[in-house]
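Containing mmCIF, C-alpha atoms: entry.cif.
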data_input
#
loop_
_atom_site.label_atom_id
_atom_site.label_comp_id
_atom_site.auth_asym_id
_atom_site.auth_seq_id
_atom_site.Cartn_x
_atom_site.Cartn_y
_atom_site.Cartn_z
CA MET C 27 0.93 25.41 -12.08
CA PRO C 28 4.22 26.34 -10.38
CA HIS C 29 2.74 26.20 -6.84
CA THR C 30 1.46 22.66 -7.36
CA ARG C 31 4.79 21.59 -8.81
CA ARG C 32 6.70 23.12 -5.91
CA GLY C 33 4.33 21.41 -3.46
CA LEU C 34 4.91 18.06 -5.15
CA ILE C 35 8.70 18.46 -5.05
CA ALA C 36 8.49 19.40 -1.35
CA LEU C 37 6.34 16.32 -0.68
CA ASP C 38 8.81 14.11 -2.59
CA ILE C 39 11.74 15.41 -0.52
CA LEU C 40 9.77 14.98 2.72
CA ALA C 41 8.81 11.42 1.76
CA VAL C 42 12.40 10.39 0.97
CA LEU C 43 13.74 12.00 4.15
CA GLY C 44 10.89 10.48 6.16
CA ILE C 45 11.54 6.93 5.00
CA LEU C 46 15.32 7.27 5.52
CA PHE C 47 14.70 8.66 9.01
CA ALA C 48 12.30 5.80 9.80
CA PHE C 49 14.89 3.21 8.72
CA VAL C 50 17.62 4.85 10.82
CA ILE C 51 15.30 4.95 13.86
CA VAL C 52 14.19 1.33 13.46
CA ILE C 53 17.71 -0.02 12.90
CA TRP C 54 19.56 1.94 15.60
CA PHE C 55 16.96 3.22 18.06
CA THR C 56 14.68 0.24 18.68
CA PRO C 57 15.69 -2.69 20.90
CA VAL C 58 16.14 -6.20 19.49
CA GLU C 59 13.12 -8.25 20.56
CA ALA C 60 14.10 -11.04 22.99
CA THR C 61 12.39 -14.05 21.37
CA MET C 62 12.26 -13.20 17.67
CA GLY C 63 15.59 -11.45 17.33
CA ALA C 64 16.43 -8.97 14.56
CA VAL C 65 13.67 -10.10 12.17
CA GLN C 66 11.05 -8.52 14.46
CA LYS C 67 12.18 -5.17 13.03
CA ILE C 68 10.34 -6.02 9.80
CA PHE C 69 7.15 -5.42 11.81
CA TYR C 70 7.45 -1.58 11.68
CA PHE C 71 7.37 -1.48 7.87
CA HIS C 72 5.17 -4.56 7.39
CA VAL C 73 2.34 -2.98 9.40
CA SER C 74 2.90 0.47 7.82
CA ALA C 75 2.69 -1.02 4.30
CA GLY C 76 -0.49 -2.91 5.23
CA TRP C 77 -2.05 0.20 6.75
CA VAL C 78 -1.23 2.39 3.76
CA GLY C 79 -2.56 -0.31 1.40
CA MET C 80 -5.89 -0.39 3.23
CA ILE C 81 -6.13 3.43 3.36
CA SER C 82 -5.48 3.41 -0.38
CA PHE C 83 -8.36 0.98 -1.02
CA LEU C 84 -10.62 3.11 1.20
CA GLY C 85 -9.62 6.20 -0.82
CA ALA C 86 -10.36 4.30 -4.05
CA ALA C 87 -13.88 3.46 -2.82
CA VAL C 88 -14.48 7.12 -1.85
CA ALA C 89 -13.12 8.41 -5.20
CA SER C 90 -15.32 5.88 -6.99
CA GLY C 91 -18.38 7.12 -5.08
CA ILE C 92 -17.56 10.70 -6.08
CA TYR C 93 -17.10 9.58 -9.71
CA LEU C 94 -20.50 7.89 -9.76
CA SER C 95 -22.22 11.02 -8.45
CA THR C 96 -20.30 13.59 -10.55
CA ARG C 97 -19.20 11.52 -13.61
CA LYS C 98 -15.98 13.55 -13.74
CA THR C 99 -13.15 11.36 -15.09
CA ILE C 100 -10.64 12.94 -12.75
CA TRP C 101 -12.18 10.88 -9.90
CA ASP C 102 -11.98 7.70 -11.93
CA ALA C 103 -8.30 8.51 -12.52
CA LEU C 104 -7.82 8.89 -8.77
CA ALA C 105 -9.57 5.57 -8.06
CA VAL C 106 -7.35 3.79 -10.63
CA SER C 107 -4.25 5.34 -9.04
CA LEU C 108 -5.32 4.38 -5.52
CA VAL C 109 -6.15 0.77 -6.41
CA GLU C 110 -2.75 0.37 -8.09
CA ILE C 111 -0.83 1.90 -5.17
CA GLY C 112 -2.92 -0.06 -2.67
CA MET C 113 -1.93 -3.27 -4.44
CA VAL C 114 1.76 -2.33 -4.43
CA PHE C 115 1.70 -1.78 -0.67
CA ALA C 116 -0.48 -4.83 0.00
CA ILE C 117 1.98 -7.02 -1.95
CA ILE C 118 4.93 -5.50 -0.02
CA ASN C 119 2.98 -6.20 3.18
CA VAL C 120 2.40 -9.85 2.24
CA LEU C 121 5.98 -10.51 1.06
CA SER C 122 7.57 -8.88 4.12
CA GLY C 123 5.15 -10.84 6.34
CA MET C 124 6.17 -14.09 4.65
CA ILE C 125 9.85 -13.33 5.25
CA TRP C 126 9.08 -12.65 8.94
CA ALA C 127 6.95 -15.82 9.20
CA ARG C 128 9.66 -18.17 7.87
CA PRO C 129 11.89 -18.06 10.99
CA ILE C 130 9.06 -17.30 13.47
CA TRP C 131 6.28 -19.68 12.33
CA ASN C 132 8.66 -22.03 10.51
CA THR C 133 6.66 -21.60 7.31
CA TRP C 134 6.39 -18.99 4.55
CA TRP C 135 2.60 -19.26 4.40
CA THR C 136 -0.26 -20.76 6.36
CA TRP C 137 -4.03 -20.53 5.77
CA ASP C 138 -4.58 -18.46 8.90
CA PRO C 139 -7.68 -16.15 8.80
CA ARG C 140 -5.56 -12.98 8.40
CA LEU C 141 -3.42 -14.41 5.63
CA THR C 142 -6.42 -15.94 3.87
CA THR C 143 -8.48 -12.73 3.95
CA THR C 144 -5.44 -10.74 2.73
CA ALA C 145 -5.02 -13.15 -0.19
CA ILE C 146 -8.73 -12.79 -1.03
CA MET C 147 -8.45 -8.98 -0.81
CA LEU C 148 -5.49 -9.01 -3.23
CA LEU C 149 -7.38 -11.26 -5.66
CA VAL C 150 -10.44 -8.97 -5.47
CA TYR C 151 -8.31 -5.97 -6.46
CA ALA C 152 -6.39 -7.96 -9.09
CA ALA C 153 -9.76 -8.73 -10.72
CA TYR C 154 -10.39 -4.95 -10.93
CA TRP C 155 -7.76 -4.72 -13.69
CA ILE C 156 -9.25 -7.69 -15.54
CA LEU C 157 -12.68 -6.04 -15.39
CA ARG C 158 -11.36 -2.71 -16.69
CA SER C 159 -9.37 -4.30 -19.49
CA ALA C 160 -12.44 -6.27 -20.62
CA ILE C 161 -14.49 -3.11 -21.35
CA ASP C 162 -13.70 -0.88 -24.36
CA ASP C 163 -16.06 2.03 -23.76
CA ASN C 164 -14.33 4.48 -21.37
CA GLU C 165 -17.50 5.62 -19.58
CA ARG C 166 -18.73 2.08 -18.98
CA LYS C 167 -15.22 1.06 -17.90
CA ALA C 168 -15.12 3.85 -15.31
CA ALA C 169 -18.67 3.19 -14.06
CA PHE C 170 -18.21 -0.60 -13.75
CA GLY C 171 -14.80 -0.04 -12.14
CA ALA C 172 -16.29 2.40 -9.62
CA VAL C 173 -19.12 0.04 -8.58
CA TYR C 174 -16.63 -2.84 -8.34
CA THR C 175 -14.22 -0.79 -6.19
CA ILE C 176 -17.01 0.12 -3.77
CA VAL C 177 -18.31 -3.47 -3.49
CA GLY C 178 -14.77 -4.90 -3.40
CA PHE C 179 -13.93 -2.66 -0.45
CA ILE C 180 -15.90 -5.08 1.77
CA SER C 181 -12.79 -7.31 1.66
CA VAL C 182 -10.72 -4.60 3.42
CA PRO C 183 -12.53 -4.35 6.81
CA VAL C 184 -12.93 -8.15 6.77
CA THR C 185 -9.13 -8.42 6.46
CA PHE C 186 -8.50 -5.71 9.06
CA PHE C 187 -10.80 -7.21 11.68
CA SER C 188 -9.99 -10.87 10.92
CA ILE C 189 -7.42 -11.04 13.73
CA ARG C 190 -9.97 -9.64 16.17
CA LEU C 191 -12.88 -11.84 15.05
CA TYR C 192 -11.28 -15.24 14.51
CA ARG C 193 -8.83 -17.51 16.27
CA THR C 194 -5.52 -16.68 14.65
CA ILE C 195 -1.79 -17.02 15.13
CA HIS C 196 -1.19 -13.59 13.58
CA PRO C 197 -0.02 -11.04 16.20
CA LEU C 198 -2.36 -8.20 17.19
CA VAL C 199 -0.57 -4.84 17.52
CA PHE C 200 -3.12 -2.92 19.54
CA GLY C 201 -5.76 -4.85 21.39
CA SER C 202 -8.02 -4.41 24.39
CA ASP C 203 -7.40 -6.18 27.73
CA ASN C 204 -3.65 -6.68 27.08
CA SER C 205 -4.22 -8.88 24.02
CA GLY C 206 -2.04 -6.63 21.87
CA MET C 207 1.73 -6.86 21.34
CA ALA C 208 3.87 -5.66 24.22
CA LEU C 209 5.67 -2.71 22.60
CA THR C 210 8.23 -0.75 24.61
CA PRO C 211 8.00 3.09 24.40
CA ARG C 212 10.93 3.10 21.93
CA MET C 213 9.20 0.52 19.76
CA GLN C 214 5.99 2.57 19.82
CA THR C 215 7.85 5.76 18.81
CA ALA C 216 9.57 3.97 15.91
CA PHE C 217 6.26 2.42 14.87
CA PHE C 218 4.48 5.78 14.64
CA ILE C 219 7.45 7.39 12.82
CA SER C 220 7.34 4.53 10.33
CA LEU C 221 3.56 4.94 9.86
CA ALA C 222 4.03 8.69 9.22
CA ALA C 223 6.91 8.07 6.77
CA PHE C 224 4.91 5.51 4.79
CA THR C 225 1.94 7.88 4.70
CA LEU C 226 4.17 10.61 3.20
CA VAL C 227 5.51 8.17 0.58
CA PHE C 228 1.94 7.09 -0.16
CA LEU C 229 0.74 10.70 -0.65
CA ALA C 230 3.66 11.52 -2.96
CA LEU C 231 3.07 8.35 -5.03
CA VAL C 232 -0.67 9.03 -5.31
CA TRP C 233 -0.05 12.59 -6.46
CA HIS C 234 2.38 11.44 -9.20
CA ARG C 235 0.26 8.48 -10.27
CA TRP C 236 -2.90 10.62 -10.42
CA LYS C 237 -1.14 13.16 -12.67
CA ILE C 238 0.01 10.38 -15.01
CA GLU C 239 -3.47 8.83 -15.16
CA VAL C 240 -5.20 12.18 -15.84
CA ASN C 241 -2.72 12.89 -18.70
CA ALA C 242 -3.10 9.35 -20.08
CA GLN C 243 -6.91 9.59 -20.05
CA ALA C 244 -6.77 13.01 -21.74
CA ALA C 245 -4.42 11.65 -24.43
CA ASN C 246 -6.70 8.64 -24.88
CA GLU C 247 -9.74 10.90 -25.39
CA THR C 248 -7.88 13.10 -27.90
CA GLU C 249 -6.84 9.97 -29.79
CA GLY C 250 -10.45 8.77 -29.79
CA MET C 251 -11.67 12.08 -31.26
CA ALA C 252 -9.02 12.14 -34.01
CA MET J 29 18.49 -17.58 16.84
CA ASP J 30 20.13 -15.21 14.34
CA THR J 31 17.39 -13.85 12.12
CA SER J 32 19.26 -10.86 10.68
CA ALA J 33 19.46 -12.43 7.19
CA TYR J 34 15.65 -12.50 7.10
CA LEU J 35 15.54 -8.89 8.26
CA LEU J 36 17.88 -7.90 5.42
CA ALA J 37 15.72 -9.82 2.91
CA GLY J 38 12.62 -8.07 4.27
CA TYR J 39 14.19 -4.64 3.91
CA ILE J 40 15.31 -5.44 0.35
CA VAL J 41 11.72 -6.41 -0.52
CA ILE J 42 10.24 -3.29 1.10
CA LEU J 43 12.69 -0.70 -0.27
CA GLY J 44 13.13 -2.59 -3.55
CA GLY J 45 9.37 -2.78 -4.06
CA ILE J 46 8.85 0.94 -3.49
CA SER J 47 11.88 1.81 -5.68
CA LEU J 48 10.65 -0.39 -8.54
CA TYR J 49 7.24 1.26 -8.39
CA VAL J 50 8.80 4.74 -8.42
CA LEU J 51 10.86 3.65 -11.45
CA SER J 52 7.70 2.49 -13.23
CA LEU J 53 6.08 5.90 -12.53
CA ILE J 54 9.12 7.71 -13.99
CA VAL J 55 9.00 5.54 -17.14
CA ARG J 56 5.25 6.08 -17.59
CA SER J 57 5.56 9.82 -16.96
CA ASN J 58 8.29 10.13 -19.62
CA ARG J 59 6.22 8.08 -22.07
CA ASN J 60 3.26 10.42 -21.46
CA LYS J 61 5.41 13.50 -22.15
CA LYS J 62 6.68 12.04 -25.44
CA SER J 63 3.18 11.20 -26.73
#

Can you dump the structure from the file as structure tokens?
Amino acid sequence: MPHTRRGLIALDILAVLGILFAFVIVIWFTPVEATMGAVQKIFYFHVSAGWVGMISFLGAAVASGIYLSTRKTIWDALAVSLVEIGMVFAIINVLSGMIWARPIWNTWWTWDPRLTTTAIMLLVYAAYWILRSAIDDNERKAAFGAVYTIVGFISVPVTFFSIRLYRTIHPLVFGSDNSGMALTPRMQTAFFISLAAFTLVFLALVWHRWKIEVNAQAANETEGMA
Amino acid sequence: MDTSAYLLAGYIVILGGISLYVLSLIVRSNRNKKS
């Protein structure tokens, strides 16, 4: 399909340009935060990676729901792709957060509600791969995986709202009654550019990963028939 | 407090992580084409 291919190439170019633009804006356009210093600039990409990871897990739950109602393997392939990409971004989110925490909290890790729920969320999605690899039959694998993805999604809103529900030292970006971070207009602009850039990268990655998974599943089925 | 070394480490993790994942997709895509 030449149109699809052209669309994918266009999305790839947009994603690369978007992320480069976001880095330029964050490095040169945003002010250096007074208390934290330069390391505060991790925030723009740390939050974007976390956001994209959570959107990915939401997409996986939706794709799984569609798979269970239609039983079309293309939706299982999408769910697999989204869980994998969600994990990549969630791990980037955790690692970048740890690097920020070292100079700011004086520790790489603490069992704060946000960090704990994020760790649980990652373990929940890590177990998804163990579950899939433990089942040989492709249909059962897809069905069990789909149910697990939907149930496992509970860990995502728990993680998202943990900083609003519990006492935590983790900063809140947008909160009611001035409880959120005090972002200057330049910081806000850079933040939204970064969110948009990460979303473009996410869409491009999902598209590629989905294609690979659909081809792999088709090859697997052909092998099974031979 | 100079925290720019941590910022650099953070950016290496973020860009490096995405790049490694893209690399893994390229490898898997090529493997698919061959089989």

Return as a list of chain:residue names the set of residues that the PyMOL selection byres ((chain C and resi 82) around 9) yields on the displayed structure.
C:Trp77, C:Val78, C:Gly79, C:Met80, C:Ile81, C:Phe83, C:Leu84, C:Gly85, C:Ala86, C:Ala87, C:Ala105, C:Ser107, C:Leu108, C:Val109, C:Glu110, C:Ile111, C:Gly112, C:Met113, C:Phe115, C:Phe228, C:Val232

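Evaluated on this file, the PyMOL selection byres ((chain J) within 7 of (chain C)) matches Met29, Asp30, Thr31, Ser32, Tyr34, Leu35, Gly38, Val41, Ile42, Gly45, Leu53, Ser57 and Asn60 of chain J.
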
Enumerate, as a short mmCIF file (atom, residue, chain, number, x, y, z; two decimals) with C-alpha atoms, in the frame of the given file, the protein, DNA and RNA residues whose atoms approach (-19.7, 4.0, -18.9) to within 12 Å, taking into account all atoms listed in the file and the coordinate frame of the file.
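Listed below is the output, part.cif:
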data_model
loop_
_atom_site.label_atom_id
_atom_site.label_comp_id
_atom_site.auth_asym_id
_atom_site.auth_seq_id
_atom_site.Cartn_x
_atom_site.Cartn_y
_atom_site.Cartn_z
CA TYR C 93 -17.10 9.58 -9.71
CA LEU C 94 -20.50 7.89 -9.76
CA ARG C 97 -19.20 11.52 -13.61
CA LYS C 98 -15.98 13.55 -13.74
CA THR C 99 -13.15 11.36 -15.09
CA ASP C 102 -11.98 7.70 -11.93
CA ARG C 158 -11.36 -2.71 -16.69
CA ILE C 161 -14.49 -3.11 -21.35
CA ASP C 162 -13.70 -0.88 -24.36
CA ASP C 163 -16.06 2.03 -23.76
CA ASN C 164 -14.33 4.48 -21.37
CA GLU C 165 -17.50 5.62 -19.58
CA ARG C 166 -18.73 2.08 -18.98
CA LYS C 167 -15.22 1.06 -17.90
CA ALA C 168 -15.12 3.85 -15.31
CA ALA C 169 -18.67 3.19 -14.06
CA PHE C 170 -18.21 -0.60 -13.75
CA GLY C 171 -14.80 -0.04 -12.14
CA ALA C 172 -16.29 2.40 -9.62
CA VAL C 173 -19.12 0.04 -8.58
#

Point-to-point distance in Å for atom CA of C:Ala103 and atom CA of C:Val73
26.9 Å

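What separates atom CA of J:Arg59 from atom CA of C:Trp233 is a distance of 17.4 Å.
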
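You can rank C:Tyr151, C:Thr30, C:Val42, C:Leu198 by their closest distance to J:Ser47 using all atoms listed in the file, and at the top of that list sits C:Val42.
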
Running the PyMOL selection byres ((chain C and resi 154) around 9) on this model by hand, what would come out? Give it as an MDAnalysis selection string.
chainID C and resid 109 149:153 155:159 171 174:175 178

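Take atom CA of C:Val182 and atom CA of C:Val120: the distance between them is 14.2 Å.
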
Could you list, as a short mmCIF file (atom, residue, chain, number, x, y, z; two decimals) with C-alpha atoms, in the coordinates of the input, every residue within 12 Å of C:Arg190, counting all atoms listed in the file and ignoring same-chain residues fewer than 2 positions away?
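Contents of the output file result_17.cif:
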data_model
loop_
_atom_site.label_atom_id
_atom_site.label_comp_id
_atom_site.auth_asym_id
_atom_site.auth_seq_id
_atom_site.Cartn_x
_atom_site.Cartn_y
_atom_site.Cartn_z
CA PRO C 139 -7.68 -16.15 8.80
CA ARG C 140 -5.56 -12.98 8.40
CA PRO C 183 -12.53 -4.35 6.81
CA VAL C 184 -12.93 -8.15 6.77
CA THR C 185 -9.13 -8.42 6.46
CA PHE C 186 -8.50 -5.71 9.06
CA PHE C 187 -10.80 -7.21 11.68
CA SER C 188 -9.99 -10.87 10.92
CA TYR C 192 -11.28 -15.24 14.51
CA ARG C 193 -8.83 -17.51 16.27
CA THR C 194 -5.52 -16.68 14.65
CA ILE C 195 -1.79 -17.02 15.13
CA HIS C 196 -1.19 -13.59 13.58
CA PRO C 197 -0.02 -11.04 16.20
CA LEU C 198 -2.36 -8.20 17.19
CA VAL C 199 -0.57 -4.84 17.52
CA PHE C 200 -3.12 -2.92 19.54
CA GLY C 201 -5.76 -4.85 21.39
CA SER C 202 -8.02 -4.41 24.39
CA SER C 205 -4.22 -8.88 24.02
CA GLY C 206 -2.04 -6.63 21.87
#

Would you pick out the contacts of stretch 212-226 of chain C at 6 Å or less, using all atoms listed in the file, so that residues sharing its chain but fewer than 5 positions from it are not included, and give the list as a PDB file with C-alpha atoms, in the coordinates of the input?
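Result file result05.pdb:
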ATOM      1  CA  ALA C  41       8.810  11.420   1.760  1.00  0.00           C
ATOM      2  CA  GLY C  44      10.890  10.480   6.160  1.00  0.00           C
ATOM      3  CA  ILE C  45      11.540   6.930   5.000  1.00  0.00           C
ATOM      4  CA  ALA C  48      12.300   5.800   9.800  1.00  0.00           C
ATOM      5  CA  VAL C  52      14.190   1.330  13.460  1.00  0.00           C
ATOM      6  CA  THR C  56      14.680   0.240  18.680  1.00  0.00           C
ATOM      7  CA  TYR C  70       7.450  -1.580  11.680  1.00  0.00           C
ATOM      8  CA  SER C  74       2.900   0.470   7.820  1.00  0.00           C
TER       9      SER C  74
END

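If all atoms listed in the file are the atoms counted, then among C:Leu209, C:Ile39, C:Ile146, C:Val240 the closest residue to C:Ser181 is C:Ile146.
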
May I have the centre and edge lengths, in Å to one decimal, of an axis-aligned box around the listed atoms of stretch 175-193 of chain C with 3 Å added to every side, as JSON?
{"center_x": -12.9, "center_y": -8.7, "center_z": 5.0, "size_x": 16.9, "size_y": 23.6, "size_z": 28.5}

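Among the candidates C:Thr210, C:Trp236, C:Phe55, C:Ile176, the residue lying nearest to C:Ile92 is C:Ile176 (atoms considered: all atoms listed in the file).
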
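Nearest residue to C:Phe179 among C:Thr133, C:Thr248, C:Ser90, C:Gln243 is C:Ser90, counting only C-alpha atoms.
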